[in-house]
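Novice: Please find query-v2.cif (mmCIF, C-alpha atoms) on the next line:
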```cif
data_coords
#
loop_
_atom_site.group_PDB
_atom_site.id
_atom_site.type_symbol
_atom_site.label_atom_id
_atom_site.label_comp_id
_atom_site.auth_asym_id
_atom_site.auth_seq_id
_atom_site.Cartn_x
_atom_site.Cartn_y
_atom_site.Cartn_z
ATOM 1 C CA MET G 1 2.451 0.305 -6.262
ATOM 2 C CA TYR G 2 5.412 1.172 -8.432
ATOM 3 C CA LYS G 3 8.267 -1.325 -8.093
ATOM 4 C CA SER G 4 10.873 1.450 -7.964
ATOM 5 C CA LEU G 5 9.214 2.813 -4.788
ATOM 6 C CA PHE G 6 9.757 -0.438 -2.878
ATOM 7 C CA SER G 7 11.983 -0.262 0.215
ATOM 8 C CA GLU G 8 13.223 -3.658 1.388
ATOM 9 C CA LYS G 9 14.552 -2.119 4.594
ATOM 10 C CA LYS G 10 11.143 -0.645 5.424
ATOM 11 C CA ALA G 11 9.385 -3.921 4.504
ATOM 12 C CA ALA G 12 11.700 -5.766 6.900
ATOM 13 C CA GLN G 13 11.124 -3.254 9.670
ATOM 14 C CA VAL G 14 7.329 -3.250 9.202
ATOM 15 C CA ALA G 15 7.422 -7.051 9.474
ATOM 16 C CA ALA G 16 9.711 -6.753 12.519
ATOM 17 C CA TYR G 17 7.277 -4.315 14.166
ATOM 18 C CA PHE G 18 4.407 -6.796 13.925
ATOM 19 C CA LEU G 19 6.631 -9.680 14.996
ATOM 20 C CA MET G 20 7.700 -7.674 18.054
ATOM 21 C CA GLN G 21 4.056 -6.994 18.936
ATOM 22 C CA ALA G 22 3.314 -10.729 18.661
ATOM 23 C CA GLY G 23 6.203 -11.818 20.868
ATOM 24 C CA GLY G 24 8.615 -12.613 18.027
ATOM 25 C CA GLN G 25 6.684 -14.966 15.728
ATOM 26 C CA LEU G 26 3.617 -14.869 13.441
ATOM 27 C CA ALA G 27 1.979 -17.015 10.800
ATOM 28 C CA VAL G 28 2.910 -15.862 7.284
ATOM 29 C CA LEU G 29 -0.742 -15.282 6.333
ATOM 30 C CA LYS G 30 -1.392 -13.081 9.361
ATOM 31 C CA LEU G 31 1.808 -11.093 8.912
ATOM 32 C CA MET G 32 1.093 -10.479 5.222
ATOM 33 C CA LYS G 33 -2.449 -9.282 5.962
ATOM 34 C CA LEU G 34 -1.256 -6.952 8.744
ATOM 35 C CA MET G 35 1.397 -5.539 6.430
ATOM 36 C CA TYR G 36 -1.121 -5.105 3.610
ATOM 37 C CA LEU G 37 -3.680 -3.385 5.855
ATOM 38 C CA SER G 38 -1.040 -0.949 7.133
ATOM 39 C CA GLU G 39 0.166 -0.210 3.573
ATOM 40 C CA ARG G 40 -3.458 0.324 2.514
ATOM 41 C CA SER G 41 -4.060 2.684 5.435
ATOM 42 C CA ALA G 42 -0.964 4.744 4.585
ATOM 43 C CA LEU G 43 -2.002 4.956 0.932
ATOM 44 C CA LEU G 44 -5.483 6.097 1.913
ATOM 45 C CA GLN G 45 -4.298 8.657 4.480
ATOM 46 C CA PHE G 46 -1.207 10.043 2.755
ATOM 47 C CA GLY G 47 -1.302 8.925 -0.867
ATOM 48 C CA GLU G 48 1.889 6.922 -0.395
ATOM 49 C CA GLY G 49 2.646 3.618 1.211
ATOM 50 C CA ILE G 50 5.056 2.827 3.997
ATOM 51 C CA VAL G 51 6.881 0.150 1.993
ATOM 52 C CA GLY G 52 5.984 1.255 -1.544
ATOM 53 C CA ASP G 53 5.252 -2.312 -2.613
ATOM 54 C CA ARG G 54 3.356 -3.526 -5.673
ATOM 55 C CA LEU G 55 -0.143 -4.604 -4.592
ATOM 56 C CA VAL G 56 -1.880 -7.620 -6.114
ATOM 57 C CA SER G 57 -5.028 -9.688 -5.613
ATOM 58 C CA MET G 58 -4.367 -13.342 -4.870
ATOM 59 C CA PRO G 59 -6.717 -16.168 -3.808
ATOM 60 C CA HIS G 60 -6.186 -15.465 -0.078
ATOM 61 C CA GLY G 61 -6.795 -11.745 -0.550
ATOM 62 C CA PRO G 62 -4.687 -8.675 -1.264
ATOM 63 C CA VAL G 63 -0.908 -9.090 -1.025
ATOM 64 C CA MET G 64 2.251 -7.001 -1.153
ATOM 65 C CA SER G 65 3.958 -8.727 -4.086
ATOM 66 C CA VAL G 66 7.661 -7.982 -3.590
ATOM 67 C CA THR G 67 7.405 -8.605 0.159
ATOM 68 C CA LEU G 68 5.778 -11.970 -0.527
ATOM 69 C CA ASN G 69 8.711 -12.817 -2.812
ATOM 70 C CA LEU G 70 11.088 -12.037 0.075
ATOM 71 C CA ILE G 71 9.007 -14.145 2.492
ATOM 72 C CA ASN G 72 9.048 -17.049 0.044
ATOM 73 C CA GLY G 73 12.807 -16.747 -0.541
ATOM 74 C CA GLU G 74 12.236 -15.973 -4.228
ATOM 75 C CA MET G 75 14.524 -12.953 -4.234
ATOM 76 C CA GLU G 76 17.857 -12.051 -2.705
ATOM 77 C CA SER G 77 17.894 -9.836 0.334
ATOM 78 C CA THR G 78 20.154 -6.795 0.348
ATOM 79 C CA ALA G 79 22.453 -5.664 3.175
ATOM 80 C CA GLY G 80 20.401 -4.344 6.088
ATOM 81 C CA GLY G 81 17.241 -5.685 4.457
ATOM 82 C CA TRP G 82 14.898 -8.609 4.983
ATOM 83 C CA GLU G 83 17.386 -11.241 6.159
ATOM 84 C CA SER G 84 18.889 -8.805 8.663
ATOM 85 C CA TRP G 85 15.569 -8.693 10.505
ATOM 86 C CA ILE G 86 13.570 -11.810 9.642
ATOM 87 C CA ALA G 87 14.525 -15.475 10.078
ATOM 88 C CA ASP G 88 13.894 -17.981 7.292
ATOM 89 C CA ARG G 89 10.310 -19.105 6.913
ATOM 90 C CA ALA G 90 9.521 -22.391 8.690
ATOM 91 C CA ASN G 91 6.184 -24.252 8.893
ATOM 92 C CA HIS G 92 4.152 -21.265 7.625
ATOM 93 C CA MET G 93 5.678 -19.071 10.346
ATOM 94 C CA LEU G 94 8.059 -16.116 10.379
ATOM 95 C CA ALA G 95 10.121 -14.905 13.311
ATOM 96 C CA LEU G 96 12.583 -12.186 14.177
ATOM 97 C CA SER G 97 16.155 -13.146 13.378
ATOM 98 C CA ASP G 98 18.286 -14.140 16.361
ATOM 99 C CA GLU G 99 20.217 -10.858 16.214
ATOM 100 C CA GLN G 100 16.984 -8.798 16.383
ATOM 101 C CA ARG G 101 15.370 -10.583 19.343
ATOM 102 C CA GLY G 102 15.092 -8.238 22.287
ATOM 103 C CA LYS G 103 14.944 -5.132 20.125
ATOM 104 C CA THR G 104 11.982 -2.768 20.387
ATOM 105 C CA PRO G 105 10.059 -0.588 17.926
ATOM 106 C CA ALA G 106 12.431 2.256 18.896
ATOM 107 C CA ASP G 107 15.144 0.298 17.028
ATOM 108 C CA LEU G 108 13.206 0.449 13.743
ATOM 109 C CA LEU G 109 14.996 3.530 12.453
ATOM 110 C CA ALA G 110 13.763 3.318 8.848
ATOM 111 C CA LEU G 111 10.195 3.974 10.013
ATOM 112 C CA SER G 112 8.841 7.475 10.575
ATOM 113 C CA ALA G 113 6.590 8.473 13.465
ATOM 114 C CA ALA G 114 3.647 8.506 11.018
ATOM 115 C CA ASP G 115 4.578 4.979 9.857
ATOM 116 C CA GLU G 116 4.697 3.733 13.455
ATOM 117 C CA GLU G 117 1.335 5.340 14.213
ATOM 118 C CA ILE G 118 -0.272 3.477 11.316
ATOM 119 C CA LEU G 119 1.379 0.208 12.377
ATOM 120 C CA GLN G 120 0.189 0.692 15.946
ATOM 121 C CA GLU G 121 -3.382 1.420 14.776
ATOM 122 C CA THR G 122 -3.298 -1.645 12.519
ATOM 123 C CA TRP G 123 -2.082 -3.875 15.360
ATOM 124 C CA GLN G 124 -4.712 -2.503 17.765
ATOM 125 C CA GLN G 125 -7.509 -3.058 15.258
ATOM 126 C CA PHE G 126 -6.434 -6.407 13.777
ATOM 127 C CA GLY G 127 -3.730 -7.954 15.980
ATOM 128 C CA GLN G 128 -6.151 -10.223 17.837
ATOM 129 C CA MET G 129 -7.456 -11.790 14.604
ATOM 130 C CA THR G 130 -6.055 -14.999 13.091
ATOM 131 C CA GLY G 131 -4.585 -15.096 9.602
ATOM 132 C CA PHE G 132 -7.729 -16.750 8.245
ATOM 133 C CA GLN G 133 -9.975 -14.188 9.949
ATOM 134 C CA LEU G 134 -7.857 -11.455 8.348
ATOM 135 C CA ARG G 135 -8.087 -13.195 4.971
ATOM 136 C CA ASP G 136 -11.876 -13.269 5.281
ATOM 137 C CA TYR G 137 -11.893 -9.639 6.444
ATOM 138 C CA THR G 138 -9.901 -8.494 3.415
ATOM 139 C CA HIS G 139 -12.232 -10.435 1.100
ATOM 140 C CA THR G 140 -15.271 -8.600 2.465
ATOM 141 C CA HIS G 141 -13.884 -5.192 3.547
ATOM 142 C CA CYS G 142 -11.279 -4.388 0.890
ATOM 143 C CA PRO G 143 -13.183 -3.543 -2.297
ATOM 144 C CA GLU G 144 -9.902 -3.226 -4.214
ATOM 145 C CA TRP G 145 -9.437 -7.016 -3.939
ATOM 146 C CA GLN G 146 -10.759 -8.982 -6.900
ATOM 147 C CA ASP G 147 -10.954 -12.754 -6.949
ATOM 148 C CA PRO G 148 -8.112 -13.746 -9.292
ATOM 149 C CA ASP G 149 -9.605 -17.209 -9.906
ATOM 150 C CA GLY G 150 -6.542 -19.041 -8.592
ATOM 151 C CA SER G 151 -4.030 -16.671 -10.155
ATOM 152 C CA MET G 152 -2.845 -13.116 -9.435
ATOM 153 C CA LEU G 153 -4.206 -9.737 -10.557
ATOM 154 C CA PRO G 154 -2.133 -6.555 -10.226
ATOM 155 C CA MET G 155 -3.938 -3.632 -8.583
ATOM 156 C CA GLN G 156 -3.695 -0.570 -10.765
ATOM 157 C CA PRO G 157 -3.294 2.657 -8.739
ATOM 158 C CA LYS G 158 -6.253 4.380 -10.434
ATOM 159 C CA ASP G 159 -8.569 1.439 -9.722
ATOM 160 C CA PHE G 160 -7.171 1.011 -6.194
ATOM 161 C CA PHE G 161 -7.865 4.613 -5.185
ATOM 162 C CA ALA G 162 -11.266 4.640 -6.918
ATOM 163 C CA SER G 163 -12.318 1.497 -5.027
ATOM 164 C CA LEU G 164 -11.482 3.279 -1.763
ATOM 165 C CA GLY G 165 -13.853 6.099 -2.697
ATOM 166 C CA LEU G 166 -11.295 8.794 -3.456
ATOM 167 C CA THR G 167 -12.325 11.407 -5.988
ATOM 168 C CA PRO G 168 -10.700 11.268 -9.434
ATOM 169 C CA GLU G 169 -8.872 14.514 -8.609
ATOM 170 C CA VAL G 170 -7.381 13.193 -5.366
ATOM 171 C CA SER G 171 -6.538 9.870 -7.045
ATOM 172 C CA ALA G 172 -4.804 11.689 -9.902
ATOM 173 C CA ALA G 173 -2.795 13.813 -7.449
ATOM 174 C CA TYR G 174 -1.694 10.724 -5.464
ATOM 175 C CA ILE G 175 -0.738 8.869 -8.638
ATOM 176 C CA ALA G 176 1.188 11.862 -10.005
ATOM 177 C CA ARG G 177 3.128 12.096 -6.733
ATOM 178 C CA MET G 178 3.932 8.366 -6.799
ATOM 179 C CA GLN G 179 5.128 8.639 -10.415
ATOM 180 C CA GLU G 180 7.263 11.645 -9.467
ATOM 181 C CA GLN G 181 8.810 9.753 -6.548
ATOM 182 C CA ALA G 182 9.460 6.692 -8.743
ATOM 183 C CA SER G 183 11.203 8.900 -11.348
ATOM 184 C CA LEU G 184 13.271 10.612 -8.671
ATOM 185 C CA GLN G 185 14.324 7.319 -7.092
ATOM 186 C CA SER G 186 15.254 5.909 -10.510
ATOM 187 C CA ALA G 187 17.361 8.999 -11.224
ATOM 188 C CA LEU G 188 19.149 8.661 -7.868
ATOM 189 C CA ARG G 189 20.115 5.037 -8.508
#
```
Let me see the structure of the file written as structure tokens.
Specialist:
Amino acid sequence: MYKSLFSEKKAAQVAAYFLMQAGGQLAVLKLMKLMYLSERSALLQFGEGIVGDRLVSMPHGPVMSVTLNLINGEMESTAGGWESWIADRANHMLALSDEQRGKTPADLLALSAADEEILQETWQQFGQMTGFQLRDYTHTHCPEWQDPDGSMLPMQPKDFFASLGLTPEVSAAYIARMQEQASLQSALR
């Protein structure tokens, strides 16, 4: 939710996890929704995301903004990041890169056990759905999504947590921790 919290390596490995579960290839829409739902779950359970991406509402539902830029080739990948794990987008599909085929979730070293548990739960709950079913699900079951009327609306952390039913005190504590982490990461760069 704060750009400085974003981890390209973790975004790539979350995408790789879902691609591995699907046999190596997924439609972009489905992958984005699975990634969003796992990020949402982590934020709700722990007050911090797996990837740390900026969340936005778009016409097809909620999206992880920086990850979508990587998927669309709108930003450069860093060493060990997106392009190390994910092949170029083709015909609305994403696949594992040739060098990552045959790897297993045990090879996703940037992900913690808690991250993997959330990803596994997300796959079990939503993996059988199509991208369009997931889009429709997020429109009706994710109250943080607002119809952007053909554009994009950033999700503000306070509004995001409030829409999920967290108390103002818990929301404030989560936001303070995210701001602290963003400041710490900025200082370390």
Novice: The PyMOL selection byres ((chain G and resi 10-13) around 9) on the file shown: which residues, as a PDB file with C-alpha atoms, in the coordinates of the input?
Specialist:
```
ATOM      1  CA  PHE G   6       9.757  -0.438  -2.878  1.00  0.00           C
ATOM      2  CA  SER G   7      11.983  -0.262   0.215  1.00  0.00           C
ATOM      3  CA  GLU G   8      13.223  -3.658   1.388  1.00  0.00           C
ATOM      4  CA  LYS G   9      14.552  -2.119   4.594  1.00  0.00           C
ATOM      5  CA  VAL G  14       7.329  -3.250   9.202  1.00  0.00           C
ATOM      6  CA  ALA G  15       7.422  -7.051   9.474  1.00  0.00           C
ATOM      7  CA  ALA G  16       9.711  -6.753  12.519  1.00  0.00           C
ATOM      8  CA  TYR G  17       7.277  -4.315  14.166  1.00  0.00           C
ATOM      9  CA  PHE G  18       4.407  -6.796  13.925  1.00  0.00           C
ATOM     10  CA  MET G  35       1.397  -5.539   6.430  1.00  0.00           C
ATOM     11  CA  ILE G  50       5.056   2.827   3.997  1.00  0.00           C
ATOM     12  CA  VAL G  51       6.881   0.150   1.993  1.00  0.00           C
ATOM     13  CA  GLY G  52       5.984   1.255  -1.544  1.00  0.00           C
ATOM     14  CA  ASP G  53       5.252  -2.312  -2.613  1.00  0.00           C
ATOM     15  CA  THR G  67       7.405  -8.605   0.159  1.00  0.00           C
ATOM     16  CA  GLY G  80      20.401  -4.344   6.088  1.00  0.00           C
ATOM     17  CA  GLY G  81      17.241  -5.685   4.457  1.00  0.00           C
ATOM     18  CA  TRP G  82      14.898  -8.609   4.983  1.00  0.00           C
ATOM     19  CA  GLU G  83      17.386 -11.241   6.159  1.00  0.00           C
ATOM     20  CA  SER G  84      18.889  -8.805   8.663  1.00  0.00           C
ATOM     21  CA  TRP G  85      15.569  -8.693  10.505  1.00  0.00           C
ATOM     22  CA  ILE G  86      13.570 -11.810   9.642  1.00  0.00           C
ATOM     23  CA  PRO G 105      10.059  -0.588  17.926  1.00  0.00           C
ATOM     24  CA  LEU G 108      13.206   0.449  13.743  1.00  0.00           C
ATOM     25  CA  LEU G 109      14.996   3.530  12.453  1.00  0.00           C
ATOM     26  CA  ALA G 110      13.763   3.318   8.848  1.00  0.00           C
ATOM     27  CA  LEU G 111      10.195   3.974  10.013  1.00  0.00           C
TER      28      LEU G 111
END
```
Novice: Given all atoms listed in the file as the basis, pick out the residue of G:Asn72, G:Arg40, G:Met20, G:Ser186 nearest to Lys103 of chain G.
Specialist: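 Looking at the shortest contact to Lys103 of chain G, the residue is G:Met20.
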Novice: Could you check the closest approach to Tyr137 of chain G for each of G:Leu164, G:Ile175, G:Leu34, G:Ile118 and tell me which residue wins, using only C-alpha atoms?
Specialist: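 Nearest to Tyr137 of chain G: G:Leu34.
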Novice: Since I can't run it myself right now, could you work out what the PyMOL selection byres ((chain G and resi 37) around 10) selects here and report it as a list in words?
Specialist: Leu31, Met32, Lys33, Leu34, Met35, Tyr36, Ser38, Glu39, Arg40, Ser41, Ala42, Leu43, Pro62, Val63, Met64, Ile118, Leu119, Thr122, Trp123, Phe126, Leu134, Thr138 and Cys142 of chain G
Novice: Tell me, in Å to one decimal, how far atom CA of Ser163 of chain G is from atom CA of Glu144 of chain G.
Specialist: 5.4 Å
Novice: Which residue is closest to Lys30 of chain G? Choose from G:Gln45, G:Ala114, G:Asp107, G:Thr130 and count only C-alpha atoms.
Specialist: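 Looking at the shortest contact to Lys30 of chain G, the residue is G:Thr130.
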Novice: I'd like the neighbourhood of Gly102 of chain G as a PyMOL selection string, where a residue qualifies if any of its atoms comes within 10 Å (using all atoms listed in the file), though same-chain residues fewer than 6 positions away should be ignored.
Specialist: chain G and resi 20+23-24+96
Novice: Please write as a ChimeraX atom specification the full residue list that the PyMOL selection byres ((chain G and resi 181) around 12) yields on this file.
Specialist: /G:1-6,47-49,52,174-180,182-188
Novice: If I take atom CA of Ala87 of chain G and atom CA of Ile71 of chain G, how far is one from the other in Å, to one decimal?
Specialist: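 Going from atom CA of Ala87 of chain G over to atom CA of Ile71 of chain G covers 9.5 Å.
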Novice: From the list G:Leu19, G:Pro168, G:Met58, G:Ala27, which residue is nearest Met152 of chain G when using all atoms listed in the file?
Specialist: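 Of G:Leu19, G:Pro168, G:Met58, G:Ala27, the one nearest Met152 of chain G is G:Met58, counting all atoms listed in the file.
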Novice: Which residue is closest to Phe160 of chain G? Choose from G:Ala113, G:Ala172, G:Leu94, G:Ala79 and count only C-alpha atoms.
Specialist: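 The answer is G:Ala172, which sits nearest to Phe160 of chain G.
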Novice: Rank nothing, just name the residue among G:Arg101, G:Leu55, G:Arg135, G:Asp147 nearest to Asp159 of chain G, using all atoms listed in the file.
Specialist: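 Ranked by minimum distance to Asp159 of chain G, first place goes to G:Leu55.
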Novice: Could you give me, as a VMD selection string, the residues within 12 Å of Asp149 of chain G, counting all atoms listed in the file and dropping anything in the same chain fewer than 3 positions from it?
Specialist: chain G and resid 57 to 61 145 to 146 152 to 153
Novice: Produce a file of the selected residues containing C-alpha atoms, as a PDB file, keeping the file's coordinate frame.
Specialist:
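Generated output (selection15.pdb):
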```pdb
ATOM      1  CA  SER G  57      -5.028  -9.688  -5.613  1.00  0.00           C
ATOM      2  CA  MET G  58      -4.367 -13.342  -4.870  1.00  0.00           C
ATOM      3  CA  PRO G  59      -6.717 -16.168  -3.808  1.00  0.00           C
ATOM      4  CA  HIS G  60      -6.186 -15.465  -0.078  1.00  0.00           C
ATOM      5  CA  GLY G  61      -6.795 -11.745  -0.550  1.00  0.00           C
ATOM      6  CA  TRP G 145      -9.437  -7.016  -3.939  1.00  0.00           C
ATOM      7  CA  GLN G 146     -10.759  -8.982  -6.900  1.00  0.00           C
ATOM      8  CA  MET G 152      -2.845 -13.116  -9.435  1.00  0.00           C
ATOM      9  CA  LEU G 153      -4.206  -9.737 -10.557  1.00  0.00           C
TER      10      LEU G 153
END
```
Novice: Between atom CA of Val56 of chain G and atom CA of Leu29 of chain G, what is the distance, to one decimal in Å?
Specialist: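 Atom CA of Leu29 of chain G lies at a distance of 14.7 Å from atom CA of Val56 of chain G.
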Novice: To box segment 20-35 of chain G, take all atoms listed in the file, fit an axis-aligned box, add 3 Å on each side, and give centre and edge lengths in Å to one decimal, as lines of an AutoDock Vina configuration file.
Specialist:
```
center_x = 3.1
center_y = -11.3
center_z = 13.0
size_x = 17.1
size_y = 17.5
size_z = 21.6
```
Novice: Add whatever atoms are absent from segment 6-26 of chain G to reach N, CA, C and O atoms, and provide the output as a CSV table (one decimal), in the coordinates of the input.
Specialist:
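That gives us out.csv:
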```csv
chain,number,residue,atom,x,y,z
G,6,PHE,N,9.6,0.6,-3.9
G,6,PHE,CA,9.8,-0.4,-2.9
G,6,PHE,C,11.0,-0.2,-2.0
G,6,PHE,O,12.1,0.0,-2.6
G,7,SER,N,10.9,-0.3,-0.7
G,7,SER,CA,12.0,-0.3,0.2
G,7,SER,C,12.0,-1.6,1.0
G,7,SER,O,11.2,-1.8,1.9
G,8,GLU,N,13.0,-2.4,0.7
G,8,GLU,CA,13.2,-3.7,1.4
G,8,GLU,C,13.5,-3.4,2.9
G,8,GLU,O,13.0,-4.2,3.7
G,9,LYS,N,14.2,-2.4,3.2
G,9,LYS,CA,14.6,-2.1,4.6
G,9,LYS,C,13.3,-1.8,5.4
G,9,LYS,O,13.1,-2.3,6.5
G,10,LYS,N,12.4,-1.0,4.8
G,10,LYS,CA,11.1,-0.6,5.4
G,10,LYS,C,10.2,-1.9,5.5
G,10,LYS,O,9.6,-2.1,6.5
G,11,ALA,N,10.2,-2.7,4.5
G,11,ALA,CA,9.4,-3.9,4.5
G,11,ALA,C,9.8,-4.8,5.7
G,11,ALA,O,9.0,-5.3,6.4
G,12,ALA,N,11.1,-4.9,5.8
G,12,ALA,CA,11.7,-5.8,6.9
G,12,ALA,C,11.3,-5.2,8.3
G,12,ALA,O,11.0,-5.9,9.2
G,13,GLN,N,11.4,-3.9,8.4
G,13,GLN,CA,11.1,-3.3,9.7
G,13,GLN,C,9.6,-3.2,10.0
G,13,GLN,O,9.2,-3.3,11.2
G,14,VAL,N,8.8,-3.1,9.0
G,14,VAL,CA,7.3,-3.2,9.2
G,14,VAL,C,7.0,-4.7,9.7
G,14,VAL,O,6.3,-4.9,10.7
G,15,ALA,N,7.6,-5.7,9.0
G,15,ALA,CA,7.4,-7.1,9.5
G,15,ALA,C,7.9,-7.2,10.9
G,15,ALA,O,7.3,-7.8,11.8
G,16,ALA,N,9.1,-6.7,11.2
G,16,ALA,CA,9.7,-6.8,12.5
G,16,ALA,C,8.8,-6.1,13.6
G,16,ALA,O,8.6,-6.6,14.7
G,17,TYR,N,8.2,-5.0,13.2
G,17,TYR,CA,7.3,-4.3,14.2
G,17,TYR,C,6.2,-5.3,14.6
G,17,TYR,O,5.9,-5.5,15.8
G,18,PHE,N,5.5,-5.9,13.6
G,18,PHE,CA,4.4,-6.8,13.9
G,18,PHE,C,4.9,-8.0,14.7
G,18,PHE,O,4.2,-8.5,15.6
G,19,LEU,N,6.1,-8.5,14.3
G,19,LEU,CA,6.6,-9.7,15.0
G,19,LEU,C,6.9,-9.3,16.5
G,19,LEU,O,6.7,-10.1,17.4
G,20,MET,N,7.4,-8.1,16.7
G,20,MET,CA,7.7,-7.7,18.1
G,20,MET,C,6.4,-7.6,18.9
G,20,MET,O,6.4,-8.0,20.0
G,21,GLN,N,5.3,-7.1,18.2
G,21,GLN,CA,4.1,-7.0,18.9
G,21,GLN,C,3.5,-8.4,19.3
G,21,GLN,O,2.8,-8.5,20.3
G,22,ALA,N,3.8,-9.4,18.5
G,22,ALA,CA,3.3,-10.7,18.7
G,22,ALA,C,4.2,-11.6,19.5
G,22,ALA,O,4.0,-12.8,19.6
G,23,GLY,N,5.3,-11.0,20.0
G,23,GLY,CA,6.2,-11.8,20.9
G,23,GLY,C,7.3,-12.5,20.1
G,23,GLY,O,8.0,-13.4,20.6
G,24,GLY,N,7.5,-12.1,18.8
G,24,GLY,CA,8.6,-12.6,18.0
G,24,GLY,C,8.3,-13.5,16.9
G,24,GLY,O,9.2,-13.8,16.1
G,25,GLN,N,7.0,-14.0,16.8
G,25,GLN,CA,6.7,-15.0,15.7
G,25,GLN,C,5.2,-14.8,15.3
G,25,GLN,O,4.4,-14.5,16.1
G,26,LEU,N,5.0,-15.0,14.0
G,26,LEU,CA,3.6,-14.9,13.4
G,26,LEU,C,3.5,-15.8,12.3
G,26,LEU,O,4.5,-16.1,11.6
```
